[in-house]
Every structure is written in C-alpha cells, then in structure tokens.
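The next block is entry-v3.txt, given as compact mmCIF, C-alpha atoms.
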# COMPACT_ATOMS: atom_id res chain seq x y z
CA MET A 1332 17.51 10.67 23.80
CA SER A 1333 13.76 11.20 23.47
CA ALA A 1334 11.71 8.70 21.49
CA PRO A 1335 10.64 9.78 17.98
CA LYS A 1336 7.00 10.87 17.85
CA LEU A 1337 6.59 11.31 14.09
CA HIS A 1338 6.76 7.86 12.52
CA HIS A 1339 7.28 7.33 8.80
CA TYR A 1340 5.43 4.63 6.88
CA VAL A 1341 7.75 5.26 3.92
CA PRO A 1342 11.42 5.67 4.93
CA GLN A 1343 12.85 9.17 4.75
CA SER A 1344 16.06 7.72 3.30
CA TYR A 1345 14.07 6.20 0.43
CA LEU A 1346 12.08 9.37 -0.30
CA ALA A 1347 15.29 11.42 -0.28
CA ARG A 1348 16.51 9.42 -3.29
CA PHE A 1349 13.89 11.28 -5.36
CA GLY A 1350 14.98 14.72 -4.19
CA ARG A 1351 18.18 16.67 -3.97
CA GLY A 1352 20.95 16.79 -1.38
CA ASP A 1353 18.97 18.96 1.05
CA ASN A 1354 16.25 16.27 1.49
CA MET A 1355 13.68 18.42 -0.29
CA VAL A 1356 11.17 16.83 -2.66
CA ARG A 1357 8.21 18.08 -4.64
CA VAL A 1358 4.87 16.70 -3.45
CA ARG A 1359 1.49 16.60 -5.16
CA ARG A 1360 -1.54 15.87 -2.99
CA ARG A 1361 -4.93 14.35 -3.69
CA CYS A 1362 -6.72 16.93 -1.58
CA PRO A 1363 -6.20 19.82 -1.75
CA PRO A 1364 -4.96 19.25 -5.32
CA LYS A 1365 -1.78 21.29 -5.22
CA THR A 1366 1.97 20.85 -5.57
CA HIS A 1367 4.50 22.10 -3.04
CA LEU A 1368 8.05 21.57 -1.80
CA ALA A 1369 8.50 19.55 1.39
CA ASN A 1370 11.26 18.09 3.49
CA VAL A 1371 11.11 14.27 3.50
CA LYS A 1372 10.76 14.31 7.29
CA ASN A 1373 7.23 15.70 6.78
CA VAL A 1374 6.13 13.24 4.07
CA ALA A 1375 4.35 9.90 4.62
CA ALA A 1376 4.39 10.21 8.40
CA GLU A 1377 1.95 10.14 11.32
CA THR A 1378 2.44 10.85 15.00
CA GLY A 1379 2.65 7.65 17.03
CA PHE A 1380 1.96 5.45 14.02
CA TYR A 1381 3.98 2.51 15.43
CA THR A 1382 3.67 3.26 19.14
CA ILE A 1383 2.30 0.28 21.07
CA THR A 1384 1.86 -0.56 24.75
CA ASP A 1385 4.60 -2.68 26.33
CA ASP A 1386 4.25 -5.31 29.06
CA ASN A 1387 4.39 -2.57 31.69
CA CYS A 1388 1.48 -0.69 30.05
CA MET A 1389 3.85 2.04 28.90
CA PRO A 1390 4.14 3.48 25.37
CA SER A 1391 6.84 1.72 23.35
CA THR A 1392 8.53 2.76 20.11
CA ALA A 1393 10.40 -0.53 19.76
CA ILE A 1394 8.82 -1.21 16.36
CA GLU A 1395 9.89 2.19 15.02
CA HIS A 1396 13.47 1.53 16.13
CA GLU A 1397 13.47 -1.94 14.57
CA LEU A 1398 12.18 -0.54 11.30
CA SER A 1399 14.95 2.07 11.33
CA GLY A 1400 17.55 -0.72 11.29
CA LEU A 1401 15.82 -2.43 8.38
CA GLU A 1402 15.67 0.87 6.47
CA GLY A 1403 19.42 1.33 6.80
CA ARG A 1404 20.17 -2.13 5.42
CA GLY A 1405 17.65 -1.66 2.62
CA LEU A 1406 19.17 1.69 1.66
CA ALA A 1407 22.60 0.06 1.38
CA ALA A 1408 21.16 -2.57 -1.00
CA LEU A 1409 19.49 0.13 -3.12
CA ARG A 1410 22.77 2.03 -3.35
CA ARG A 1411 24.49 -1.10 -4.66
CA ILE A 1412 21.87 -1.20 -7.43
CA ASP A 1413 22.89 2.38 -8.26
CA GLU A 1414 26.57 1.38 -8.33
CA THR A 1415 26.25 -1.82 -10.37
CA GLY A 1416 23.29 -0.95 -12.59
CA MET A 1417 21.93 -4.43 -11.87
CA PRO A 1418 19.23 -5.90 -9.61
CA PRO A 1419 20.59 -8.19 -6.88
CA ALA A 1420 21.23 -11.74 -8.02
CA VAL A 1421 19.29 -14.75 -6.75
CA GLY A 1422 20.59 -15.98 -3.40
CA THR A 1423 22.57 -12.86 -2.48
CA ASP A 1424 22.27 -11.03 0.80
CA ASP A 1425 21.06 -7.92 -1.00
CA ARG A 1426 18.26 -9.87 -2.67
CA GLU A 1427 17.11 -11.29 0.67
CA GLN A 1428 17.38 -7.90 2.33
CA LEU A 1429 15.27 -6.26 -0.36
CA CYS A 1430 12.67 -9.06 -0.18
CA LEU A 1431 12.21 -8.14 3.48
CA TYR A 1432 12.33 -4.39 2.69
CA LEU A 1433 9.60 -4.71 0.04
CA ALA A 1434 7.42 -6.98 2.18
CA VAL A 1435 7.59 -4.56 5.10
CA GLN A 1436 6.89 -1.56 2.86
CA PHE A 1437 3.79 -3.25 1.48
CA ALA A 1438 2.53 -4.00 5.00
CA ARG A 1439 3.35 -0.73 6.77
CA THR A 1440 1.10 1.83 5.01
CA PRO A 1441 -2.12 3.16 6.61
CA ARG A 1442 -4.17 1.39 3.93
CA LYS A 1443 -3.12 -2.00 5.29
CA ARG A 1444 -4.74 -1.13 8.61
CA THR A 1445 -8.06 -0.16 7.04
CA GLY A 1446 -9.68 -3.57 7.40
CA THR A 1447 -8.50 -4.07 10.98
CA LEU A 1448 -9.63 -0.59 12.04
CA PHE A 1449 -12.88 -0.59 10.05
CA GLY A 1450 -15.04 -1.50 13.05
CA ARG A 1451 -13.36 1.05 15.26
CA ASN A 1452 -14.02 3.79 12.72
CA VAL A 1453 -17.67 2.76 12.30
CA THR A 1454 -18.19 2.79 16.07
CA ALA A 1455 -16.68 6.26 16.32
CA TYR A 1456 -18.92 7.48 13.51
CA ALA A 1457 -22.02 5.95 15.15
CA ASN A 1458 -21.26 7.89 18.35
CA GLY A 1459 -23.64 5.79 20.43
CA ARG A 1460 -26.20 5.02 17.75
CA GLU A 1461 -27.07 1.44 16.91
CA VAL A 1462 -25.00 0.10 14.03
CA ASP A 1463 -27.78 -1.31 11.88
CA LEU A 1464 -27.90 -1.61 8.10
CA ALA A 1465 -29.21 1.93 7.74
CA LEU A 1466 -26.31 3.38 9.69
CA MET A 1467 -23.80 1.22 7.83
CA THR A 1468 -25.22 2.46 4.53
CA GLU A 1469 -24.91 6.03 5.76
CA TYR A 1470 -21.32 5.48 6.90
CA LEU A 1471 -20.23 3.90 3.61
CA THR A 1472 -21.91 6.67 1.64
CA ARG A 1473 -20.46 9.58 3.58
CA LYS A 1474 -17.08 8.30 4.70
CA ARG A 1475 -15.93 5.58 2.32
CA LEU A 1476 -17.51 5.68 -1.11
CA GLY A 1477 -19.04 9.07 -1.77
CA HIS A 1478 -22.16 7.35 -3.15
CA PRO A 1479 -24.74 4.87 -1.78
CA PRO A 1480 -23.48 1.26 -1.67
CA ARG A 1481 -25.23 -1.68 -3.23
CA ALA A 1482 -27.35 -3.68 -0.81
CA ALA A 1483 -24.88 -6.57 -0.94
CA GLU A 1484 -22.03 -4.25 0.01
CA ALA A 1485 -23.86 -2.70 2.96
CA GLN A 1486 -24.79 -6.20 4.13
CA GLY A 1487 -21.20 -7.40 3.78
CA ALA A 1488 -19.83 -4.44 5.74
CA TRP A 1489 -22.47 -4.94 8.45
CA ASP A 1490 -21.64 -8.66 8.68
CA TYR A 1491 -17.94 -7.91 8.92
CA TYR A 1492 -18.43 -5.26 11.60
CA HIS A 1493 -20.54 -7.42 13.88
CA GLY A 1494 -18.59 -10.60 13.12
CA THR A 1495 -15.21 -9.14 14.08
CA ARG A 1496 -16.67 -7.62 17.25
CA ALA A 1497 -18.23 -10.95 18.22
CA MET A 1498 -14.85 -12.67 17.83
CA ASN A 1499 -13.23 -9.93 19.92
CA GLY A 1500 -15.51 -10.11 22.94
CA GLY A 1501 -17.81 -7.36 21.70
CA ASN A 1502 -14.97 -4.88 21.27
CA ASP A 1503 -13.32 -3.22 18.31
CA PRO A 1504 -9.66 -4.02 17.52
CA THR A 1505 -7.21 -1.68 19.21
CA HIS A 1506 -4.44 0.42 17.70
CA ASP A 1507 -1.90 -2.08 19.07
CA GLU A 1508 -3.71 -4.95 17.34
CA ALA A 1509 -3.81 -3.04 14.07
CA VAL A 1510 -0.04 -2.50 14.22
CA THR A 1511 0.81 -6.11 15.02
CA VAL A 1512 -1.72 -7.71 12.65
CA THR A 1513 -0.48 -5.83 9.60
CA LEU A 1514 3.21 -6.46 10.28
CA SER A 1515 2.60 -10.13 11.08
CA SER A 1516 1.98 -10.76 7.36
CA VAL A 1517 5.54 -9.85 6.38
CA ARG A 1518 7.26 -13.23 6.82
CA VAL A 1519 4.45 -15.05 5.03
CA CYS A 1520 4.74 -12.75 1.99
CA ILE A 1521 8.53 -12.79 1.54
CA PRO A 1522 8.50 -15.99 -0.59
CA GLN A 1523 6.26 -14.19 -3.11
CA TYR A 1524 9.04 -11.68 -3.76
CA ARG A 1525 11.84 -14.22 -3.61
CA ALA A 1526 10.26 -16.50 -6.23
CA ARG A 1527 10.04 -13.89 -9.02
CA HIS A 1528 12.28 -12.66 -11.81
CA TRP A 1529 13.70 -9.24 -10.88
CA ARG A 1530 13.91 -6.77 -13.78
CA LEU A 1531 15.55 -3.37 -13.39
CA GLU A 1532 13.88 -0.90 -15.75
CA THR A 1533 15.94 2.20 -16.45
CA CYS A 1534 15.20 5.51 -18.13
CA ARG A 1535 17.65 8.03 -19.58
CA LYS A 1536 15.63 10.88 -18.12
CA PRO A 1537 15.12 11.12 -14.33
CA ILE A 1538 11.32 11.01 -14.48
CA PHE A 1539 10.21 8.05 -12.35
CA LEU A 1540 8.00 9.21 -9.48
CA THR A 1541 7.33 7.61 -6.12
CA SER A 1542 4.58 8.01 -3.52
CA ASP A 1543 3.45 7.36 0.03
CA ALA A 1544 2.48 3.84 -1.14
CA PRO A 1545 5.41 3.08 -3.48
CA LEU A 1546 4.92 -0.67 -3.96
CA VAL A 1547 2.41 -1.14 -6.79
CA LEU A 1548 0.69 -4.39 -7.73
CA TRP A 1549 -0.39 -4.40 -11.36
CA ARG A 1550 -2.29 -6.59 -13.77
CA PRO A 1551 -4.40 -5.74 -16.84
CA GLU A 1552 -7.86 -4.44 -16.01
CA THR A 1553 -10.67 -7.03 -16.08
CA PRO A 1554 -14.45 -6.92 -15.48
CA SER A 1555 -13.84 -8.69 -12.16
CA ASP A 1556 -12.21 -5.50 -10.81
CA ALA A 1557 -15.76 -4.31 -10.11
CA TYR A 1558 -16.34 -6.95 -7.45
CA ARG A 1559 -13.02 -8.43 -6.34
CA GLY A 1560 -9.37 -7.59 -5.98
CA PHE A 1561 -6.04 -9.38 -6.35
CA GLY A 1562 -2.91 -9.76 -4.27
CA LEU A 1563 0.73 -10.68 -4.65
CA GLU A 1564 0.00 -14.05 -6.26
CA GLY A 1565 -2.33 -12.55 -8.87
CA ALA A 1566 -0.13 -9.57 -9.74
CA HIS A 1567 1.48 -9.70 -13.18
CA GLU A 1568 3.99 -7.10 -11.98
CA ILE A 1569 5.17 -5.90 -8.58
CA ARG A 1570 6.69 -2.46 -9.17
CA PHE A 1571 8.93 -0.44 -6.89
CA PRO A 1572 10.62 2.81 -8.07
CA VAL A 1573 14.18 2.89 -6.70
CA SER A 1574 15.26 6.28 -8.09
CA PRO A 1575 14.16 8.89 -10.64
CA ARG A 1576 15.99 6.82 -13.26
CA ALA A 1577 15.00 3.26 -12.37
CA GLN A 1578 12.36 0.94 -10.96
CA LEU A 1579 12.37 -2.70 -9.92
CA VAL A 1580 9.70 -4.85 -11.58
CA LEU A 1581 9.14 -8.35 -10.20
CA VAL A 1582 7.48 -10.69 -12.70
CA PRO A 1583 6.82 -14.45 -12.84
CA GLY A 1584 9.96 -16.43 -13.58
CA GLN A 1585 13.51 -16.71 -12.32
CA GLY A 1586 16.72 -14.68 -12.53
CA THR A 1587 17.44 -11.02 -13.20
CA SER A 1588 17.60 -8.63 -16.16
CA VAL A 1589 18.03 -4.97 -17.09
CA GLU A 1590 15.91 -3.15 -19.65
CA GLU A 1591 15.92 0.43 -20.88
CA THR A 1592 12.34 1.69 -20.73
CA LYS A 1593 10.55 3.89 -23.21
CA LEU A 1594 9.01 7.19 -22.14
CA GLY A 1595 5.45 5.91 -22.62
CA ARG A 1596 6.08 3.05 -20.21
CA VAL A 1597 7.40 5.44 -17.52
CA ILE A 1598 4.39 7.74 -17.94
CA SER A 1599 2.02 4.77 -17.63
CA CYS A 1600 3.80 3.45 -14.52
CA ASN A 1601 3.78 6.91 -12.94
CA GLN A 1602 0.02 7.12 -13.45
CA ASP A 1603 -0.56 3.65 -11.96
CA LEU A 1604 1.50 4.72 -8.95
CA ALA A 1605 -0.52 7.94 -8.62
CA ASP A 1606 -3.77 5.97 -8.84
CA SER A 1607 -2.73 3.75 -5.93
CA CYS A 1608 -1.10 6.34 -3.64
CA GLU A 1609 -2.41 7.13 -0.18
CA GLN A 1610 -2.45 10.92 -0.44
CA VAL A 1611 0.70 12.15 -2.18
CA VAL A 1612 2.95 11.55 -5.17
CA VAL A 1613 6.61 12.55 -4.86
CA GLY A 1614 9.11 13.79 -7.44
CA HIS A 1615 12.30 15.83 -7.83
CA PRO A 1616 11.98 19.50 -6.77
CA ASP A 1617 13.38 20.76 -10.07
CA ARG A 1618 11.28 18.56 -12.38
CA PRO A 1619 7.59 19.42 -11.82
CA THR A 1620 6.44 18.30 -15.28
CA GLU A 1621 5.96 14.63 -14.41
CA LEU A 1622 4.01 15.47 -11.23
CA ASP A 1623 1.80 17.82 -13.21
CA ARG A 1624 1.20 15.13 -15.81
CA VAL A 1625 -0.40 12.52 -13.52
CA GLN A 1626 -4.11 12.62 -12.70
CA LEU A 1627 -5.17 12.39 -9.05
CA THR A 1628 -8.74 11.76 -7.92
CA LYS A 1629 -10.06 13.05 -4.61
CA ARG A 1630 -10.56 9.51 -3.30
CA GLY A 1631 -7.95 6.80 -3.71
CA PRO A 1632 -8.15 3.01 -3.31
CA THR A 1633 -11.08 2.05 -1.09
CA LEU A 1634 -11.95 -0.97 1.03
CA ARG A 1635 -14.98 -2.66 -0.50
CA PHE A 1636 -17.32 -5.46 0.58
CA ASN A 1637 -19.51 -7.93 -1.26
CA THR A 1638 -21.84 -10.69 -0.09
CA ALA A 1639 -22.79 -13.35 -2.61
CA PRO A 1640 -23.78 -17.05 -2.70
CA GLY A 1641 -20.78 -19.36 -2.61
CA ILE A 1642 -20.40 -22.46 -4.76
CA ARG A 1643 -18.22 -25.42 -3.84
CA LYS A 1644 -16.76 -27.52 -6.67
CA ASN A 1645 -16.45 -31.21 -5.79
CA GLN A 1646 -13.77 -33.59 -7.06
CA ASP A 1647 -16.29 -35.28 -9.37
CA GLY A 1648 -16.98 -31.97 -11.09
CA THR A 1649 -20.35 -31.32 -9.47
CA GLU A 1650 -21.18 -28.11 -7.66
CA GLU A 1651 -23.09 -27.43 -4.47
CA PRO A 1652 -24.08 -24.28 -2.61
CA MET A 1653 -22.13 -23.32 0.51
CA GLY A 1654 -24.10 -20.33 1.75
CA ASP A 1655 -23.30 -16.64 1.43
CA ILE A 1656 -19.65 -15.64 1.38
CA LEU A 1657 -18.23 -12.28 2.44
CA HIS A 1658 -15.54 -10.91 0.17
CA MET A 1659 -13.34 -7.90 1.03
CA TRP A 1660 -10.93 -6.19 -1.29
CA THR A 1661 -9.30 -2.85 -1.91
CA THR A 1662 -9.79 -1.17 -5.26
CA ARG A 1663 -6.69 -0.46 -7.33
CA ARG A 1664 -7.56 3.24 -7.63
Go through the file and emit its structure as structure tokens.
Amino acid sequence: MSAPKLHHYVPQSYLARFGRGDNMVRVRRRCPPKTHLANVKNVAAETGFYTITDDNCMPSTAIEHELSGLEGRGLAALRRIDETGMPPAVGTDDREQLCLYLAVQFARTPRKRTGTLFGRNVTAYANGREVDLALMTEYLTRKRLGHPPRAAEAQGAWDYYHGTRAMNGGNDPTHDEAVTVTLSSVRVCIPQYRARHWRLETCRKPIFLTSDAPLVLWRPETPSDAYRGFGLEGAHEIRFPVSPRAQLVLVPGQGTSVEETKLGRVISCNQDLADSCEQVVVGHPDRPTELDRVQLTKRGPTLRFNTAPGIRKNQDGTEEPMGDILHMWTTRR
C-alpha cells in the first residue's frame, strides 16, 4: 500500500464530527473570504507535512502512521463523551488518552513550526541578499505584519535569526528538525491538561464550530497582549469543541462537570476560535448561519518579537539589570 502524501494536522475523523454522514463540511476561509462545501480529506492538510528522512536517508511517513493510531483512540474517547454526556473522569483511560490527544493537537499545527522555520523563511526571502536590519524590517513588513515593525521588534527578529543560525553551524533548521522539535513538546505539556478541571459545555442547538486550529487558549484581554503572549499555564480556559453541540473547557481546579451553555457564550467562543484559526473555520453543511456570523481578518495570529532591558529581582528585594532580553510570542488573533 502506498504511503499517504496528504497529511492532516487536524484529524479527518474529528472534522467529520462537525459534518454529515458523507464527510462533507462547510468551510469559511480567511483569504479569499468565502464559504464553500469541502470533504474533510481536503481540510487542514498539507502534502508531506510529517514526512521526515529515516536512517537510510529515505522519506519516512512513520510519524503520520503513529498519529493515525492516536487519532483512532482519541475518536473512541470522544464518542464515549457523546454516549455518556459526561467528560472523562479523573484517572480514567479516556482522560489520559484525551490529554495526549489534546497535547498532540496543540503541537501539530503549522503555526507551531513558525518559530523553528522562521530563519529558513527569511533566508528564502533574502534570496542571496545579506540579512541585515533593513532586510529584516522589509521581511516583517511584507510577509509577517503588513506594516513596518517597531525598531525593537526588527532587532529582536534579527537577533533571533542570527542567533539560531550560529547555534546550528550557520545553517537554518531543516523540515525534519521542525517536525521533531514541535512534537517533542507533547510529553512535557500533558500534565497541564491532566491537572485541570474538565467541564463539558453543551448547547441545545448544534452551533459550535471548529477550525484548523481547534484548541483555543483563552484569558481576558490585558494591555500586556501588545507585547507578550501566554501559554498553557497562563490560560484561564483551554477550549476544544468536540461536536456541534458540545465543547470541552479545561479550567483551574479538579474534577469534572457538565453545564448547559447560553447562546451568547457559544457565539463568543466561536468568534475566539475564528480569531485563532490558521486559515479556515468549519461548520455543518446545512447550518451556514454560524459561519456567516464570525468575523475573519485577512491575517491571523502572528509570531512577534520584542527586545527590551531585563531586570533580575534578588531575594532581598533589590533589582539589577541583566542586559537585553529577546521575547517571542504569537498573538491571539
């Protein structure tokens, strides 16, 4: 049997839960901004996305096959949520399986490779030109931001580019390295999912949407969003739609619960999901209203840089400078 060439970074079996029996879903794109019907096999997929080189220097799809096994076990756990109307209890096999499923889903999207592949993309854009601050400013303006960066951001991106190349023998990270680096974070992150209270939010109407980046980290907006991000530890909620009628919400605490959600909450969650998607939002083919309701910008979440003086706080309460610090984060929308 030939190896699969089109690799999904969101499982087809998961996306099909938001469609009908023929695996068709309705998709709304960032660009061009239109809605159309699509088979799940053509959604959230890229050719050779997980292909790496094996020890014999031959292309290997071992990662894609391993992920397929995980997807099957995760789908079974999601179906048991459908059957019981409850999130999996603490300590159960289903809970552990979904911790792994969620951790892998968070790590496997193209966005998670952005930092690793940043240098490679800059080098390709430079096309032989020297990567100085002027070129980095041009690259960020034209390819990343759509507007000129602040001086501190251009400096941070330039520092990151040359720093990562210096640590890699003057070379950019490879596709293989991008695949392995992103997936290597999975085991470290699982305890973050395991340690939370799992709430199943349900809705009488089948109006929850999903996307090509279905795991959403949420916290209230703060002024610090302009210059730094947050991760699993800082998220007030970790949301994951499981069907058009329900979503899992992981919050600080222990145990499990079920809560019927008001329409306004679903609409707000759908918009947060749309804000953070890669390129597409997904809904049921016969219910276009919710897809039409969400707003989609041309550009989604973007990798940002900032260079600023660092301050170290000592045990006696005093502070001392520690030189400039590079901060990288991805915007929430």
Neighbouring residues of segment 1420-1428 of chain A were defined as those with any atom within 8 Å, considering only C-alpha atoms; residues of the same chain fewer than 5 positions away were excluded. Please report them as a list in words. Arg1404, Gly1405, Ala1408, Arg1525, Gly1586 and Thr1587 of chain A
Have a look at atom CA of Asn1373 of chain A and atom CA of Val1453 of chain A and let me know their distance in Å, one decimal.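 For atom CA of Asn1373 of chain A relative to atom CA of Val1453 of chain A, the distance reads 28.6 Å.
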Each residue of segment 1352-1449 of chain A lying at most 8 Å from segment 1536-1554 of chain A should get a row with its shortest atom-to-atom pair and the distance in Å to one decimal, counting only C-alpha atoms; could you produce that, ordered by chain and increasing number, as a tab-separated table?
residue	atom	partner	partner_atom	distance
A:Val1374	CA	A:Asp1543	CA	7.6
A:Ala1375	CA	A:Asp1543	CA	5.3
A:Leu1433	CA	A:Leu1546	CA	7.4
A:Gln1436	CA	A:Leu1546	CA	7.2
A:Phe1437	CA	A:Leu1546	CA	6.1
A:Thr1440	CA	A:Ala1544	CA	6.6
Take the residues from that selection and write them out as an mmCIF file, keeping the file's coordinate frame, keeping C-alpha atoms.
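Output (result-v2.cif):
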data_model
loop_
_atom_site.group_PDB
_atom_site.id
_atom_site.type_symbol
_atom_site.label_atom_id
_atom_site.label_comp_id
_atom_site.auth_asym_id
_atom_site.auth_seq_id
_atom_site.Cartn_x
_atom_site.Cartn_y
_atom_site.Cartn_z
ATOM 1 C CA VAL A 1374 6.130 13.240 4.070
ATOM 2 C CA ALA A 1375 4.350 9.900 4.620
ATOM 3 C CA LEU A 1433 9.600 -4.710 0.040
ATOM 4 C CA GLN A 1436 6.890 -1.560 2.860
ATOM 5 C CA PHE A 1437 3.790 -3.250 1.480
ATOM 6 C CA THR A 1440 1.100 1.830 5.010
#
For Phe1636 of chain A, find every residue with an atom within 9 Å (counting only C-alpha atoms), except residues of its own chain fewer than 2 positions away, and show them as a list of chain:residue names. A:Ala1483, A:Glu1484, A:Ala1485, A:Gln1486, A:Gly1487, A:Ala1488, A:Tyr1491, A:Tyr1558, A:Arg1559, A:Leu1634, A:Thr1638, A:Leu1657, A:His1658, A:Met1659, A:Trp1660, A:Thr1661
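Near Leu1337 of chain A, within a cut-off of 9 Å and counting only C-alpha atoms, sit the residues Pro1335, His1339, Lys1372, Asn1373, Ala1376, Glu1377, Thr1378, Gly1379 and Phe1380 of chain A, with same-chain residues fewer than 2 positions away left out.
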What is the atom CA of Val1341 of chain A-atom CA of Ala1566 of chain A distance in Å, reported with one decimal?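 According to the coordinates, atom CA of Val1341 of chain A and atom CA of Ala1566 of chain A are separated by 21.6 Å.
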In Å, how far is it from atom CA of Gly1565 of chain A to atom CA of Val1580 of chain A?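 Computed distance, atom CA of Gly1565 of chain A to atom CA of Val1580 of chain A, equals 14.5 Å.
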Pick out the closest residue to Thr1495 of chain A from this set: A:Leu1448, A:Val1582, A:Leu1622, A:Val1612. Count all atoms listed in the file.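 Distance minimum relative to Thr1495 of chain A lands on A:Leu1448.
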